[in-house]
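Undergrad: Below is my_file.cif; it holds mmCIF, C-alpha atoms, pLDDT in the B column; chains and numbers go by the auth columns.
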```
data_data
loop_
_atom_site.group_PDB
_atom_site.id
_atom_site.type_symbol
_atom_site.label_atom_id
_atom_site.label_comp_id
_atom_site.label_asym_id
_atom_site.label_seq_id
_atom_site.Cartn_x
_atom_site.Cartn_y
_atom_site.Cartn_z
_atom_site.B_iso_or_equiv
_atom_site.auth_seq_id
_atom_site.auth_asym_id
ATOM 1 C CA LEU A 1 0.000 0.000 0.000 92.00 1 A
ATOM 2 C CA GLU A 2 3.012 2.266 0.379 95.00 2 A
ATOM 3 C CA GLY A 3 2.878 5.257 -1.948 97.00 3 A
ATOM 4 C CA THR A 4 0.461 8.012 -2.875 98.00 4 A
ATOM 5 C CA TRP A 5 -3.154 7.181 -3.640 98.00 5 A
ATOM 6 C CA GLU A 6 -5.965 9.456 -4.763 98.00 6 A
ATOM 7 C CA LEU A 7 -9.486 8.884 -3.479 98.00 7 A
ATOM 8 C CA VAL A 8 -11.221 9.340 -6.824 97.00 8 A
ATOM 9 C CA ASP A 9 -14.823 8.509 -5.937 96.00 9 A
ATOM 10 C CA VAL A 10 -17.206 7.402 -3.202 95.00 10 A
ATOM 11 C CA TYR A 11 -20.385 5.492 -4.058 94.00 11 A
ATOM 12 C CA LYS A 12 -23.288 4.795 -1.729 93.00 12 A
ATOM 13 C CA THR A 13 -25.898 2.089 -2.034 93.00 13 A
ATOM 14 C CA GLY A 14 -28.830 1.665 0.307 90.00 14 A
ATOM 15 C CA PHE A 15 -30.979 4.047 2.295 84.00 15 A
ATOM 16 C CA GLY A 16 -30.138 6.714 4.855 77.00 16 A
ATOM 17 C CA HIS A 17 -27.176 8.966 5.448 77.00 17 A
ATOM 18 C CA SER A 18 -23.924 8.786 7.368 78.00 18 A
ATOM 19 C CA ASP A 19 -21.201 11.361 7.841 85.00 19 A
ATOM 20 C CA LEU A 20 -18.028 10.216 6.113 92.00 20 A
ATOM 21 C CA ALA A 21 -14.598 11.490 7.099 95.00 21 A
ATOM 22 C CA PHE A 22 -13.189 11.432 3.562 96.00 22 A
ATOM 23 C CA ASP A 23 -14.735 12.448 0.225 93.00 23 A
ATOM 24 C CA GLY A 24 -11.593 12.849 -1.890 95.00 24 A
ATOM 25 C CA GLY A 25 -7.969 13.919 -1.636 97.00 25 A
ATOM 26 C CA LEU A 26 -4.523 12.377 -1.637 98.00 26 A
ATOM 27 C CA PHE A 27 -3.251 9.809 0.850 98.00 27 A
ATOM 28 C CA THR A 28 0.452 9.024 1.135 98.00 28 A
ATOM 29 C CA PHE A 29 0.985 5.757 2.998 98.00 29 A
ATOM 30 C CA TYR A 30 4.461 5.092 4.422 98.00 30 A
ATOM 31 C CA ALA A 31 5.895 1.666 5.266 97.00 31 A
ATOM 32 C CA SER A 32 6.257 2.824 8.886 97.00 32 A
ATOM 33 C CA GLY A 33 2.456 2.993 9.259 97.00 33 A
ATOM 34 C CA GLN A 34 2.437 6.793 9.072 98.00 34 A
ATOM 35 C CA LEU A 35 0.407 8.728 6.532 98.00 35 A
ATOM 36 C CA ASP A 36 -0.090 12.201 5.112 98.00 36 A
ATOM 37 C CA TYR A 37 -3.475 13.303 3.802 98.00 37 A
ATOM 38 C CA GLN A 38 -4.311 16.358 1.695 97.00 38 A
ATOM 39 C CA ASP A 39 -8.059 16.890 1.570 95.00 39 A
ATOM 40 C CA GLY A 40 -8.201 19.025 -1.591 91.00 40 A
ATOM 41 C CA TYR A 41 -9.602 22.003 0.361 92.00 41 A
ATOM 42 C CA GLY A 42 -6.274 23.216 1.758 92.00 42 A
ATOM 43 C CA GLY A 43 -6.159 20.887 4.763 94.00 43 A
ATOM 44 C CA TYR A 44 -3.002 18.897 5.487 97.00 44 A
ATOM 45 C CA TYR A 45 -3.224 15.999 7.922 98.00 45 A
ATOM 46 C CA GLU A 46 -0.729 13.608 9.488 98.00 46 A
ATOM 47 C CA GLY A 47 -1.564 10.315 11.105 98.00 47 A
ATOM 48 C CA ASP A 48 -1.337 6.557 10.812 98.00 48 A
ATOM 49 C CA TRP A 49 -2.826 3.598 8.992 98.00 49 A
ATOM 50 C CA ASP A 50 -3.106 -0.124 9.592 98.00 50 A
ATOM 51 C CA ILE A 51 -4.211 -3.130 7.548 97.00 51 A
ATOM 52 C CA ARG A 52 -5.449 -6.245 9.335 97.00 52 A
ATOM 53 C CA ARG A 53 -6.255 -9.655 7.951 96.00 53 A
ATOM 54 C CA ILE A 54 -9.358 -11.288 9.386 95.00 54 A
ATOM 55 C CA ASN A 55 -10.290 -14.920 8.849 94.00 55 A
ATOM 56 C CA THR A 56 -13.978 -15.459 8.123 89.00 56 A
ATOM 57 C CA SER A 57 -16.002 -18.488 7.118 90.00 57 A
ATOM 58 C CA ASP A 58 -15.763 -17.217 3.506 87.00 58 A
ATOM 59 C CA GLY A 59 -11.984 -16.750 3.597 91.00 59 A
ATOM 60 C CA THR A 60 -9.631 -13.950 4.583 94.00 60 A
ATOM 61 C CA ILE A 61 -10.526 -10.272 4.270 96.00 61 A
ATOM 62 C CA LYS A 62 -8.371 -7.197 4.770 97.00 62 A
ATOM 63 C CA THR A 63 -9.553 -4.213 6.798 97.00 63 A
ATOM 64 C CA LEU A 64 -8.055 -0.713 6.722 98.00 64 A
ATOM 65 C CA LYS A 65 -7.954 1.859 9.517 98.00 65 A
ATOM 66 C CA VAL A 66 -6.983 5.476 8.790 98.00 66 A
ATOM 67 C CA TYR A 67 -6.598 8.161 11.467 98.00 67 A
ATOM 68 C CA CYS A 68 -5.148 11.664 11.008 98.00 68 A
ATOM 69 C CA VAL A 69 -5.100 15.197 12.427 98.00 69 A
ATOM 70 C CA ASP A 70 -4.614 18.666 10.930 97.00 70 A
ATOM 71 C CA HIS A 71 -2.231 20.223 13.453 96.00 71 A
ATOM 72 C CA ALA A 72 -3.094 23.773 12.292 95.00 72 A
ATOM 73 C CA THR A 73 -6.830 23.430 12.990 95.00 73 A
ATOM 74 C CA GLY A 74 -6.999 20.485 15.388 96.00 74 A
ATOM 75 C CA ILE A 75 -9.490 18.692 13.112 96.00 75 A
ATOM 76 C CA VAL A 76 -9.294 14.911 13.482 97.00 76 A
ATOM 77 C CA LEU A 77 -10.440 12.518 10.759 97.00 77 A
ATOM 78 C CA GLY A 78 -10.671 8.773 10.970 97.00 78 A
ATOM 79 C CA GLU A 79 -12.350 5.905 9.208 97.00 79 A
ATOM 80 C CA TYR A 80 -12.480 2.149 9.594 97.00 80 A
ATOM 81 C CA PHE A 81 -13.014 0.308 6.324 97.00 81 A
ATOM 82 C CA ASP A 82 -14.636 -3.079 6.850 97.00 82 A
ATOM 83 C CA GLU A 83 -12.981 -4.533 3.768 97.00 83 A
ATOM 84 C CA MET A 84 -10.456 -3.563 1.118 97.00 84 A
ATOM 85 C CA ILE A 85 -9.878 -5.270 -2.213 96.00 85 A
ATOM 86 C CA PHE A 86 -7.158 -4.577 -4.750 95.00 86 A
ATOM 87 C CA THR A 87 -8.844 -4.386 -8.164 93.00 87 A
ATOM 88 C CA GLY A 88 -5.583 -3.986 -10.060 91.00 88 A
ATOM 89 C CA THR A 89 -1.932 -3.074 -9.551 90.00 89 A
ATOM 90 C CA ASN A 90 -2.766 0.605 -9.197 96.00 90 A
ATOM 91 C CA ARG A 91 -6.327 0.493 -7.838 97.00 91 A
ATOM 92 C CA PHE A 92 -8.160 -0.656 -4.755 97.00 92 A
ATOM 93 C CA GLU A 93 -11.599 -0.302 -3.262 98.00 93 A
ATOM 94 C CA ALA A 94 -12.410 0.064 0.424 98.00 94 A
ATOM 95 C CA TYR A 95 -15.874 -0.599 1.829 98.00 95 A
ATOM 96 C CA ILE A 96 -17.859 0.579 4.814 96.00 96 A
ATOM 97 C CA TYR A 97 -20.851 -1.608 5.634 94.00 97 A
ATOM 98 C CA ASP A 98 -23.266 0.508 7.683 89.00 98 A
ATOM 99 C CA GLY A 99 -26.524 -1.341 8.264 85.00 99 A
ATOM 100 C CA ALA A 100 -28.594 -1.012 5.088 87.00 100 A
ATOM 101 C CA ARG A 101 -25.913 1.188 3.479 93.00 101 A
ATOM 102 C CA THR A 102 -22.656 0.317 1.765 95.00 102 A
ATOM 103 C CA TYR A 103 -20.051 2.907 0.860 96.00 103 A
ATOM 104 C CA THR A 104 -17.473 2.073 -1.789 97.00 104 A
ATOM 105 C CA PHE A 105 -14.311 4.194 -1.853 98.00 105 A
ATOM 106 C CA GLN A 106 -12.251 3.961 -5.038 98.00 106 A
ATOM 107 C CA PHE A 107 -8.521 4.681 -4.815 98.00 107 A
ATOM 108 C CA ARG A 108 -6.018 5.056 -7.668 98.00 108 A
ATOM 109 C CA ARG A 109 -2.220 5.118 -7.335 97.00 109 A
ATOM 110 C CA ARG A 110 -0.660 8.446 -8.285 95.00 110 A
#
```
Is it possible to give me this structure as C-alpha cells?
TA:
Amino acid sequence: LEGTWELVDVYKTGFGHSDLAFDGGLFTFYASGQLDYQDGYGGYYEGDWDIRRINTSDGTIKTLKVYCVDHATGIVLGEYFDEMIFTGTNRFEAYIYDGARTYTFQFRRR
C-alpha cells in the first residue's frame, strides 16, 4: 500500500445517510504505518494507517484503519473500512458496511 493514492470517488448504495470522514484527496501511505493526507480544500493531515487480515467463514478479508489530524486546525479525521480489495496493480476499493448502506471508496495510485 506504500505510496500516494488518490481517493477518486465514493459510491453509496442503500438508504439513509452517514457522515463520512473522507470524500476525496490524496493519501500518502508510508511503510512505517504513518500517513499524510491532503483533503483538496487546503487541509493537510498527518496520522497513521493499519491493515489487518481477518479470517472469516468465507476466507480472509483485509480491513483498513486510517486516522489523522490537521495540526493547524486540530481537526481529526478517521475511518475504519470493513474490507479492502485490490482491483488492479494501481487500484483498490475500500468498503464501509453501515446497516442497510454500503459505501465504496475507489482509490487510484498516483
Undergrad: When you look at stretch 29-44 of chain A with a cut-off of 8 Å (counting all atoms listed in the file), what residues show up, excluding the ones that are within fewer than 2 positions of it in the same chain? I need them as a PDB file with C-alpha atoms, in the coordinates of the input.
TA:
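This is the output file out-v6.pdb:
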```pdb
ATOM      1  CA  LEU A   1       0.000   0.000   0.000  1.00 92.00           C
ATOM      2  CA  GLU A   2       3.012   2.266   0.379  1.00 95.00           C
ATOM      3  CA  GLY A   3       2.878   5.257  -1.948  1.00 97.00           C
ATOM      4  CA  THR A   4       0.461   8.012  -2.875  1.00 98.00           C
ATOM      5  CA  TRP A   5      -3.154   7.181  -3.640  1.00 98.00           C
ATOM      6  CA  PHE A  22     -13.189  11.432   3.562  1.00 96.00           C
ATOM      7  CA  GLY A  24     -11.593  12.849  -1.890  1.00 95.00           C
ATOM      8  CA  GLY A  25      -7.969  13.919  -1.636  1.00 97.00           C
ATOM      9  CA  LEU A  26      -4.523  12.377  -1.637  1.00 98.00           C
ATOM     10  CA  PHE A  27      -3.251   9.809   0.850  1.00 98.00           C
ATOM     11  CA  GLU A  46      -0.729  13.608   9.488  1.00 98.00           C
ATOM     12  CA  GLY A  47      -1.564  10.315  11.105  1.00 98.00           C
ATOM     13  CA  ASP A  48      -1.337   6.557  10.812  1.00 98.00           C
ATOM     14  CA  TRP A  49      -2.826   3.598   8.992  1.00 98.00           C
ATOM     15  CA  ASP A  50      -3.106  -0.124   9.592  1.00 98.00           C
ATOM     16  CA  CYS A  68      -5.148  11.664  11.008  1.00 98.00           C
ATOM     17  CA  ASP A  70      -4.614  18.666  10.930  1.00 97.00           C
TER      18      ASP A  70
END
```
Undergrad: Let me know the residues the PyMOL selection byres ((chain A and resi 103-106) around 9) catches in the file above, as an NGL selection string.
TA: :A and (6-14 or 23 or 91-98 or 101-102 or 107-108)
Undergrad: Could you tell me which residues the PyMOL selection byres ((chain A and resi 52-62) around 6) grabs in this file, written as a list in words?
TA: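 The output of the PyMOL selection byres ((chain A and resi 52-62) around 6) on this file is Ile51, Thr63, Glu83 and Met84 of chain A.
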Undergrad: Which of these, A:Gly88, A:Arg109, A:Ala100, A:Leu77, has the shortest distance to A:Asp19 once you count all atoms listed in the file?
TA: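 Of A:Gly88, A:Arg109, A:Ala100, A:Leu77, the one nearest A:Asp19, counting all atoms listed in the file, is A:Leu77.
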Undergrad: So what do you get for atom CA of A:Tyr67 versus atom CA of A:Asp82, distance-wise?
TA: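 Between atom CA of A:Tyr67 and atom CA of A:Asp82 the gap works out to 14.6 Å.
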Undergrad: Just give me the gap between atom CA of A:Tyr80 and atom CA of A:Ser18 in Å, one decimal is fine.
TA: 13.4 Å
Undergrad: Mind pulling up the distance from atom CA of A:Arg110 to atom CA of A:Ile85?
TA: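 Pair atom CA of A:Ile85 / atom CA of A:Arg110 returns 17.6 Å.
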Undergrad: Around stretch 77-93 of chain A, with edges along x, y and z and 8 Å added on all six sides, what centre and edge lengths do you get, in Å to one decimal, as AutoDock Vina command-line options?
TA:
```
--center_x -8.3 --center_y 3.6 --center_z 0.5 --size_x 28.7 --size_y 33.8 --size_z 37.0
```
Undergrad: Export stretch 3-78 of chain A from the structure block above, keeping C-alpha atoms, as an mmCIF file, in the first residue's frame.
TA:
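File produced: result.cif:
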```
data_model
loop_
_atom_site.group_PDB
_atom_site.id
_atom_site.type_symbol
_atom_site.label_atom_id
_atom_site.label_comp_id
_atom_site.auth_asym_id
_atom_site.auth_seq_id
_atom_site.Cartn_x
_atom_site.Cartn_y
_atom_site.Cartn_z
ATOM 1 C CA GLY A 3 2.878 5.257 -1.948
ATOM 2 C CA THR A 4 0.461 8.012 -2.875
ATOM 3 C CA TRP A 5 -3.154 7.181 -3.640
ATOM 4 C CA GLU A 6 -5.965 9.456 -4.763
ATOM 5 C CA LEU A 7 -9.486 8.884 -3.479
ATOM 6 C CA VAL A 8 -11.221 9.340 -6.824
ATOM 7 C CA ASP A 9 -14.823 8.509 -5.937
ATOM 8 C CA VAL A 10 -17.206 7.402 -3.202
ATOM 9 C CA TYR A 11 -20.385 5.492 -4.058
ATOM 10 C CA LYS A 12 -23.288 4.795 -1.729
ATOM 11 C CA THR A 13 -25.898 2.089 -2.034
ATOM 12 C CA GLY A 14 -28.830 1.665 0.307
ATOM 13 C CA PHE A 15 -30.979 4.047 2.295
ATOM 14 C CA GLY A 16 -30.138 6.714 4.855
ATOM 15 C CA HIS A 17 -27.176 8.966 5.448
ATOM 16 C CA SER A 18 -23.924 8.786 7.368
ATOM 17 C CA ASP A 19 -21.201 11.361 7.841
ATOM 18 C CA LEU A 20 -18.028 10.216 6.113
ATOM 19 C CA ALA A 21 -14.598 11.490 7.099
ATOM 20 C CA PHE A 22 -13.189 11.432 3.562
ATOM 21 C CA ASP A 23 -14.735 12.448 0.225
ATOM 22 C CA GLY A 24 -11.593 12.849 -1.890
ATOM 23 C CA GLY A 25 -7.969 13.919 -1.636
ATOM 24 C CA LEU A 26 -4.523 12.377 -1.637
ATOM 25 C CA PHE A 27 -3.251 9.809 0.850
ATOM 26 C CA THR A 28 0.452 9.024 1.135
ATOM 27 C CA PHE A 29 0.985 5.757 2.998
ATOM 28 C CA TYR A 30 4.461 5.092 4.422
ATOM 29 C CA ALA A 31 5.895 1.666 5.266
ATOM 30 C CA SER A 32 6.257 2.824 8.886
ATOM 31 C CA GLY A 33 2.456 2.993 9.259
ATOM 32 C CA GLN A 34 2.437 6.793 9.072
ATOM 33 C CA LEU A 35 0.407 8.728 6.532
ATOM 34 C CA ASP A 36 -0.090 12.201 5.112
ATOM 35 C CA TYR A 37 -3.475 13.303 3.802
ATOM 36 C CA GLN A 38 -4.311 16.358 1.695
ATOM 37 C CA ASP A 39 -8.059 16.890 1.570
ATOM 38 C CA GLY A 40 -8.201 19.025 -1.591
ATOM 39 C CA TYR A 41 -9.602 22.003 0.361
ATOM 40 C CA GLY A 42 -6.274 23.216 1.758
ATOM 41 C CA GLY A 43 -6.159 20.887 4.763
ATOM 42 C CA TYR A 44 -3.002 18.897 5.487
ATOM 43 C CA TYR A 45 -3.224 15.999 7.922
ATOM 44 C CA GLU A 46 -0.729 13.608 9.488
ATOM 45 C CA GLY A 47 -1.564 10.315 11.105
ATOM 46 C CA ASP A 48 -1.337 6.557 10.812
ATOM 47 C CA TRP A 49 -2.826 3.598 8.992
ATOM 48 C CA ASP A 50 -3.106 -0.124 9.592
ATOM 49 C CA ILE A 51 -4.211 -3.130 7.548
ATOM 50 C CA ARG A 52 -5.449 -6.245 9.335
ATOM 51 C CA ARG A 53 -6.255 -9.655 7.951
ATOM 52 C CA ILE A 54 -9.358 -11.288 9.386
ATOM 53 C CA ASN A 55 -10.290 -14.920 8.849
ATOM 54 C CA THR A 56 -13.978 -15.459 8.123
ATOM 55 C CA SER A 57 -16.002 -18.488 7.118
ATOM 56 C CA ASP A 58 -15.763 -17.217 3.506
ATOM 57 C CA GLY A 59 -11.984 -16.750 3.597
ATOM 58 C CA THR A 60 -9.631 -13.950 4.583
ATOM 59 C CA ILE A 61 -10.526 -10.272 4.270
ATOM 60 C CA LYS A 62 -8.371 -7.197 4.770
ATOM 61 C CA THR A 63 -9.553 -4.213 6.798
ATOM 62 C CA LEU A 64 -8.055 -0.713 6.722
ATOM 63 C CA LYS A 65 -7.954 1.859 9.517
ATOM 64 C CA VAL A 66 -6.983 5.476 8.790
ATOM 65 C CA TYR A 67 -6.598 8.161 11.467
ATOM 66 C CA CYS A 68 -5.148 11.664 11.008
ATOM 67 C CA VAL A 69 -5.100 15.197 12.427
ATOM 68 C CA ASP A 70 -4.614 18.666 10.930
ATOM 69 C CA HIS A 71 -2.231 20.223 13.453
ATOM 70 C CA ALA A 72 -3.094 23.773 12.292
ATOM 71 C CA THR A 73 -6.830 23.430 12.990
ATOM 72 C CA GLY A 74 -6.999 20.485 15.388
ATOM 73 C CA ILE A 75 -9.490 18.692 13.112
ATOM 74 C CA VAL A 76 -9.294 14.911 13.482
ATOM 75 C CA LEU A 77 -10.440 12.518 10.759
ATOM 76 C CA GLY A 78 -10.671 8.773 10.970
#
```
